[in-house]
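Source file: data04.tsv; contents: TSV, C-alpha atoms.
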```tsv
chain	number	residue	atom	x	y	z
A	1	MET	CA	-1.99	-1.73	-21.05
A	2	SER	CA	-3.46	-5.18	-21.58
A	3	ASP	CA	-7.19	-5.75	-21.39
A	4	ALA	CA	-6.78	-7.75	-18.15
A	5	ARG	CA	-4.79	-4.97	-16.48
A	6	LEU	CA	-7.30	-2.35	-17.62
A	7	LEU	CA	-10.16	-4.46	-16.25
A	8	ALA	CA	-8.34	-4.68	-12.91
A	9	VAL	CA	-7.83	-0.90	-12.73
A	10	GLU	CA	-11.49	-0.35	-13.59
A	11	ALA	CA	-12.54	-2.89	-10.95
A	12	VAL	CA	-10.54	-1.05	-8.27
A	13	GLU	CA	-12.20	2.20	-9.32
A	14	SER	CA	-15.64	0.59	-9.21
A	15	HIS	CA	-14.94	-0.86	-5.74
A	16	VAL	CA	-13.82	2.53	-4.42
A	17	ARG	CA	-16.84	4.31	-5.91
A	18	ALA	CA	-19.21	1.73	-4.37
A	19	PHE	CA	-17.54	1.96	-0.96
A	20	PHE	CA	-17.58	5.76	-1.00
A	21	GLU	CA	-21.11	6.09	-2.37
A	22	GLY	CA	-22.31	9.63	-1.83
A	23	HIS	CA	-18.78	11.07	-2.08
A	24	SER	CA	-17.30	12.83	-5.09
A	25	VAL	CA	-14.60	10.72	-6.77
A	26	GLU	CA	-12.17	12.30	-9.21
A	27	VAL	CA	-9.93	10.06	-11.30
A	28	VAL	CA	-6.47	11.53	-11.84
A	29	VAL	CA	-4.44	9.73	-14.52
A	30	TYR	CA	-0.86	10.11	-13.30
A	31	ASP	CA	2.06	9.90	-15.68
A	32	LEU	CA	5.17	8.89	-13.76
A	33	GLY	CA	7.35	10.31	-16.53
A	34	PRO	CA	9.37	8.83	-19.37
A	35	GLU	CA	11.88	6.86	-17.28
A	36	ARG	CA	9.34	5.55	-14.76
A	37	ARG	CA	6.24	5.09	-16.89
A	38	GLU	CA	7.04	1.47	-17.80
A	39	VAL	CA	6.89	0.48	-14.10
A	40	VAL	CA	3.19	1.43	-13.89
A	41	ASP	CA	1.96	2.39	-17.32
A	42	ASP	CA	-1.57	3.44	-16.33
A	43	LEU	CA	-1.51	4.74	-12.78
A	44	ARG	CA	-4.64	6.40	-11.52
A	45	VAL	CA	-5.15	8.13	-8.20
A	46	LEU	CA	-8.75	8.27	-7.10
A	47	VAL	CA	-9.41	11.43	-5.11
A	48	VAL	CA	-12.39	10.95	-2.82
A	49	GLY	CA	-13.99	14.01	-1.27
A	50	PRO	CA	-15.61	14.19	2.18
A	51	GLY	CA	-19.07	12.68	2.49
A	52	PRO	CA	-21.25	10.32	4.49
A	53	ARG	CA	-18.45	7.83	5.33
A	54	SER	CA	-15.74	10.32	6.26
A	55	ASP	CA	-15.18	14.02	6.65
A	56	SER	CA	-11.61	13.63	5.34
A	57	TRP	CA	-10.19	13.24	1.86
A	58	ALA	CA	-9.04	9.82	0.64
A	59	TYR	CA	-6.48	9.13	-2.07
A	60	VAL	CA	-6.56	5.61	-3.52
A	61	THR	CA	-4.19	4.08	-6.06
A	62	ALA	CA	-5.48	2.09	-9.02
A	63	GLY	CA	-2.75	0.39	-11.00
A	64	CYS	CA	-0.42	-1.16	-8.40
A	65	TRP	CA	-2.24	-4.49	-8.46
A	66	ALA	CA	-2.17	-4.60	-12.25
A	67	ALA	CA	1.60	-3.98	-12.26
A	68	MET	CA	2.58	-6.31	-9.40
A	69	GLU	CA	-0.03	-9.04	-8.90
A	70	LYS	CA	1.18	-12.57	-8.13
A	71	ASP	CA	-1.30	-15.41	-8.62
A	72	GLY	CA	-4.16	-12.89	-8.66
A	73	HIS	CA	-3.18	-11.21	-5.40
A	74	GLY	CA	-1.68	-7.75	-4.93
A	75	LEU	CA	-1.95	-4.38	-3.25
A	76	GLU	CA	-3.38	-0.93	-3.72
A	77	PHE	CA	-3.01	1.92	-1.22
A	78	VAL	CA	-5.35	4.44	0.46
A	79	MET	CA	-4.17	7.54	2.29
A	80	THR	CA	-6.52	9.73	4.26
A	81	ALA	CA	-5.73	13.43	4.56
A	82	PRO	CA	-7.39	16.48	6.09
A	83	VAL	CA	-7.53	18.48	2.84
A	84	SER	CA	-7.48	18.22	-0.92
A	85	ASP	CA	-3.94	18.88	-2.15
A	86	GLN	CA	-1.87	17.90	-5.19
A	87	ARG	CA	0.96	16.89	-2.84
A	88	PHE	CA	-1.08	13.86	-1.71
A	89	ILE	CA	-1.66	12.77	-5.31
A	90	ASP	CA	2.09	13.10	-5.91
A	91	LEU	CA	2.81	11.14	-2.72
A	92	MET	CA	0.51	8.30	-3.84
A	93	ALA	CA	2.45	8.20	-7.13
A	94	THR	CA	5.71	8.07	-5.16
A	95	ILE	CA	4.39	5.16	-3.06
A	96	THR	CA	3.32	3.35	-6.23
A	97	TYR	CA	6.70	3.80	-7.88
A	98	TYR	CA	8.52	2.73	-4.70
A	99	HIS	CA	6.33	-0.38	-4.40
A	100	CYS	CA	6.37	-1.37	-8.07
A	101	GLY	CA	9.91	-0.23	-8.79
A	102	GLY	CA	11.84	-2.65	-6.60
A	103	HIS	CA	10.89	-2.01	-2.96
A	104	GLN	CA	7.78	-4.14	-2.66
A	105	LEU	CA	5.69	-2.97	0.28
A	106	ASP	CA	3.35	-4.99	2.47
A	107	LEU	CA	1.65	-4.78	5.83
A	108	LYS	CA	4.02	-3.54	8.58
A	109	HIS	CA	6.62	-2.26	6.08
A	110	SER	CA	7.77	1.34	6.02
A	111	MET	CA	9.31	3.79	3.63
A	112	PRO	CA	10.93	7.21	3.98
A	113	ILE	CA	9.14	10.12	2.32
A	114	GLY	CA	12.26	12.26	2.08
A	115	GLU	CA	10.46	15.34	3.40
A	116	PRO	CA	7.69	16.16	5.87
A	117	TRP	CA	4.25	14.75	4.96
A	118	VAL	CA	3.12	18.37	4.82
A	119	PRO	CA	5.30	21.44	5.53
A	120	GLY	CA	5.91	21.69	9.27
A	121	SER	CA	4.95	18.07	10.02
A	122	ALA	CA	7.28	15.80	11.99
A	123	CYS	CA	5.96	12.83	9.97
A	124	ASP	CA	8.52	12.02	7.28
A	125	HIS	CA	8.01	8.25	6.90
A	126	LEU	CA	5.08	6.02	5.99
A	127	LEU	CA	4.09	2.87	7.87
A	128	ILE	CA	1.98	0.42	5.88
A	129	SER	CA	-0.96	-0.58	8.04
A	130	LEU	CA	-4.54	-1.73	7.82
A	131	PRO	CA	-7.05	0.87	6.65
A	132	TYR	CA	-8.57	1.20	10.13
A	133	LEU	CA	-10.45	4.38	9.22
A	134	HIS	CA	-12.35	2.52	6.48
A	135	GLY	CA	-12.33	-1.11	7.59
A	136	PRO	CA	-12.29	-4.44	5.78
A	137	ASP	CA	-15.05	-3.49	3.33
A	138	LEU	CA	-12.60	-1.16	1.59
A	139	GLU	CA	-9.53	-3.29	2.33
A	140	HIS	CA	-10.77	-6.35	0.41
A	141	CYS	CA	-11.31	-5.53	-3.25
A	142	PRO	CA	-12.42	-8.38	-5.54
A	143	LEU	CA	-10.96	-8.24	-9.04
A	144	PRO	CA	-11.32	-10.36	-12.18
A	145	GLY	CA	-9.00	-13.29	-11.53
A	146	GLY	CA	-8.07	-12.35	-7.97
A	147	HIS	CA	-8.29	-9.63	-5.37
A	148	ALA	CA	-6.47	-6.53	-4.20
A	149	ARG	CA	-5.81	-5.69	-0.61
A	150	ILE	CA	-6.01	-1.95	-0.04
A	151	LEU	CA	-3.58	-0.93	2.70
A	152	ARG	CA	-2.97	2.44	4.33
A	153	PRO	CA	0.35	4.28	4.30
A	154	LEU	CA	0.20	6.04	7.70
A	155	PRO	CA	2.44	9.11	8.08
A	156	VAL	CA	4.78	8.57	11.03
A	157	THR	CA	7.94	10.07	12.49
A	158	ALA	CA	11.49	8.74	12.20
A	159	ALA	CA	11.45	8.17	15.99
A	160	GLU	CA	8.31	6.02	15.65
A	161	ILE	CA	9.98	3.94	12.92
A	162	GLU	CA	13.03	3.46	15.11
A	163	PHE	CA	10.81	2.42	18.05
A	164	ARG	CA	9.07	-0.09	15.79
A	165	ARG	CA	12.42	-1.56	14.72
A	166	ARG	CA	13.39	-2.08	18.36
A	167	GLN	CA	10.04	-2.95	19.98
A	168	GLY	CA	7.95	-4.33	17.11
A	169	HIS	CA	4.99	-3.22	15.05
A	170	GLU	CA	2.35	-4.21	17.60
A	171	ALA	CA	4.05	-2.18	20.34
A	172	LEU	CA	3.95	0.90	18.11
A	173	GLU	CA	0.30	0.31	17.20
A	174	GLN	CA	-0.48	0.08	20.92
A	175	LEU	CA	1.20	3.44	21.53
A	176	PHE	CA	-0.90	4.94	18.72
A	177	ASP	CA	-4.04	3.56	20.38
A	178	GLU	CA	-3.04	4.80	23.84
A	179	ALA	CA	-2.22	8.27	22.49
A	180	GLU	CA	-5.47	8.25	20.48
A	181	ILE	CA	-3.67	9.74	17.49
A	182	ILE	CA	-5.69	11.35	14.75
A	183	PRO	CA	-4.13	9.77	11.64
A	184	THR	CA	-5.11	12.71	9.45
A	185	ASP	CA	-3.46	15.30	11.73
A	186	PRO	CA	-0.17	16.21	10.06
A	187	PHE	CA	0.98	18.11	13.15
A	188	ARG	CA	0.38	15.39	15.72
A	189	ALA	CA	3.15	14.82	18.23
A	190	SER	CA	5.30	11.74	17.97
A	191	VAL	CA	4.17	8.99	20.39
A	192	VAL	CA	7.81	8.26	21.36
```
Rewrite the structure from the file as structure tokens, please.
Amino acid sequence: MSDARLLAVEAVESHVRAFFEGHSVEVVVYDLGPERREVVDDLRVLVVGPGPRSDSWAYVTAGCWAAMEKDGHGLEFVMTAPVSDQRFIDLMATITYYHCGGHQLDLKHSMPIGEPWVPGSACDHLLISLPYLHGPDLEHCPLPGGHARILRPLPVTAAEIEFRRRQGHEALEQLFDEAEIIPTDPFRASVV
């Protein structure tokens, strides 16, 4: 990894640690494997424990921006979950590979997970949205030579994705608001 890319990864980590001050933060260096490693050669998933800002766990990528930035701008991702589990670290690696490996994600995009978010969950897709649970202070991450936008992959159902395709992203977000979904509840009912 080049010095500039390493500095960017370290800056994301520093930003996350500052935002989640008072929380435990574990850095997991994730090797995507021999055939995928070149896509993101130094992926880290920051595992943030519950604390003063949130009683949930947060999983934040560090390495997407360094692999995909354009003119100093790029993305990282934060997922909030009810528990600490290796499956969420693996899912963040999957999102990173999907994003950096040819299916560039952005706000309002979606991706299939290929299985339930957690066993027994109806949520088997991810919808890329704003990190509403954490706000713009986490979303906007200054980096040397640019900035990263940290977006949230929200677990959703296939029916919700189909509704969004027909009715639009804002209509789906409105249904989420009306239903007062708990984004960290893997067993929430579909809003459609």
message = Between atom CA of A:Ser84 and atom CA of A:Tyr59, what distance in Å does the model show, to one decimal?
response = 9.2 Å
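For the choices A:Val118, A:Cys64, A:Val45, A:Val25, the atom-to-atom distance to A:His147 is smallest for A:Cys64 when using all atoms listed in the file.
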request  = Find the residues near stretch 157-167 of chain A: any atom within 7 Å, counting all atoms listed in the file, skip ones fewer than 5 places away on the same chain, and give them as number ranges by chain.
outcome  = A: 122-125, 172, 190-192
request  = Find the residue from A:Ala58, A:Leu154, A:Ala93, A:Leu143 that sits nearest to A:Ala81; use all atoms listed in the file when measuring.
outcome  =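 For A:Ala81, the nearest of the given residues is A:Ala58.
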task = Compare A:Gly146, A:Pro153, A:Pro136, A:Gly51 by their minimum atom-to-atom distance to A:Lys108, counting all atoms listed in the file, and give me the closest one.
result = A:Pro153
ask   = From the set A:Val156, A:Pro112, A:Val48, A:Ser121, which residue has the shortest atom-to-atom contact distance to A:Thr61, counting only C-alpha atoms?
value =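 Going through A:Val156, A:Pro112, A:Val48, A:Ser121 one by one, the smallest distance to A:Thr61 is for A:Val48.
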note = Among A:Pro131, A:Gly120, A:His99, A:Ile181, A:Val60 is approached most closely, using all atoms listed in the file, by A:Pro131
query = How many Å lie between atom CA of A:Leu105 and atom CA of A:Leu126, rounded to one decimal?
reply =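 These atoms are spaced 10.7 Å apart.
Across A:Arg5, A:Arg152, A:Arg188, A:His140, the tightest approach to A:Ile95 is made by A:Arg152 when counting only C-alpha atoms.
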ask   = What does the distance between atom CA of A:Val16 and atom CA of A:Leu32 come to in Å, to one decimal place?
value =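 Computed distance, atom CA of A:Val16 to atom CA of A:Leu32, equals 22.1 Å.
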How big is the axis-aligned box around the listed atoms of stretch 63-80 of chain A once 4 Å is added on each side, and where is its centre? Give both in Å to one decimal, as lines of an AutoDock Vina configuration file.
```
center_x = -2.0
center_y = -2.8
center_z = -4.0
size_x = 17.1
size_y = 33.1
size_z = 24.5
```
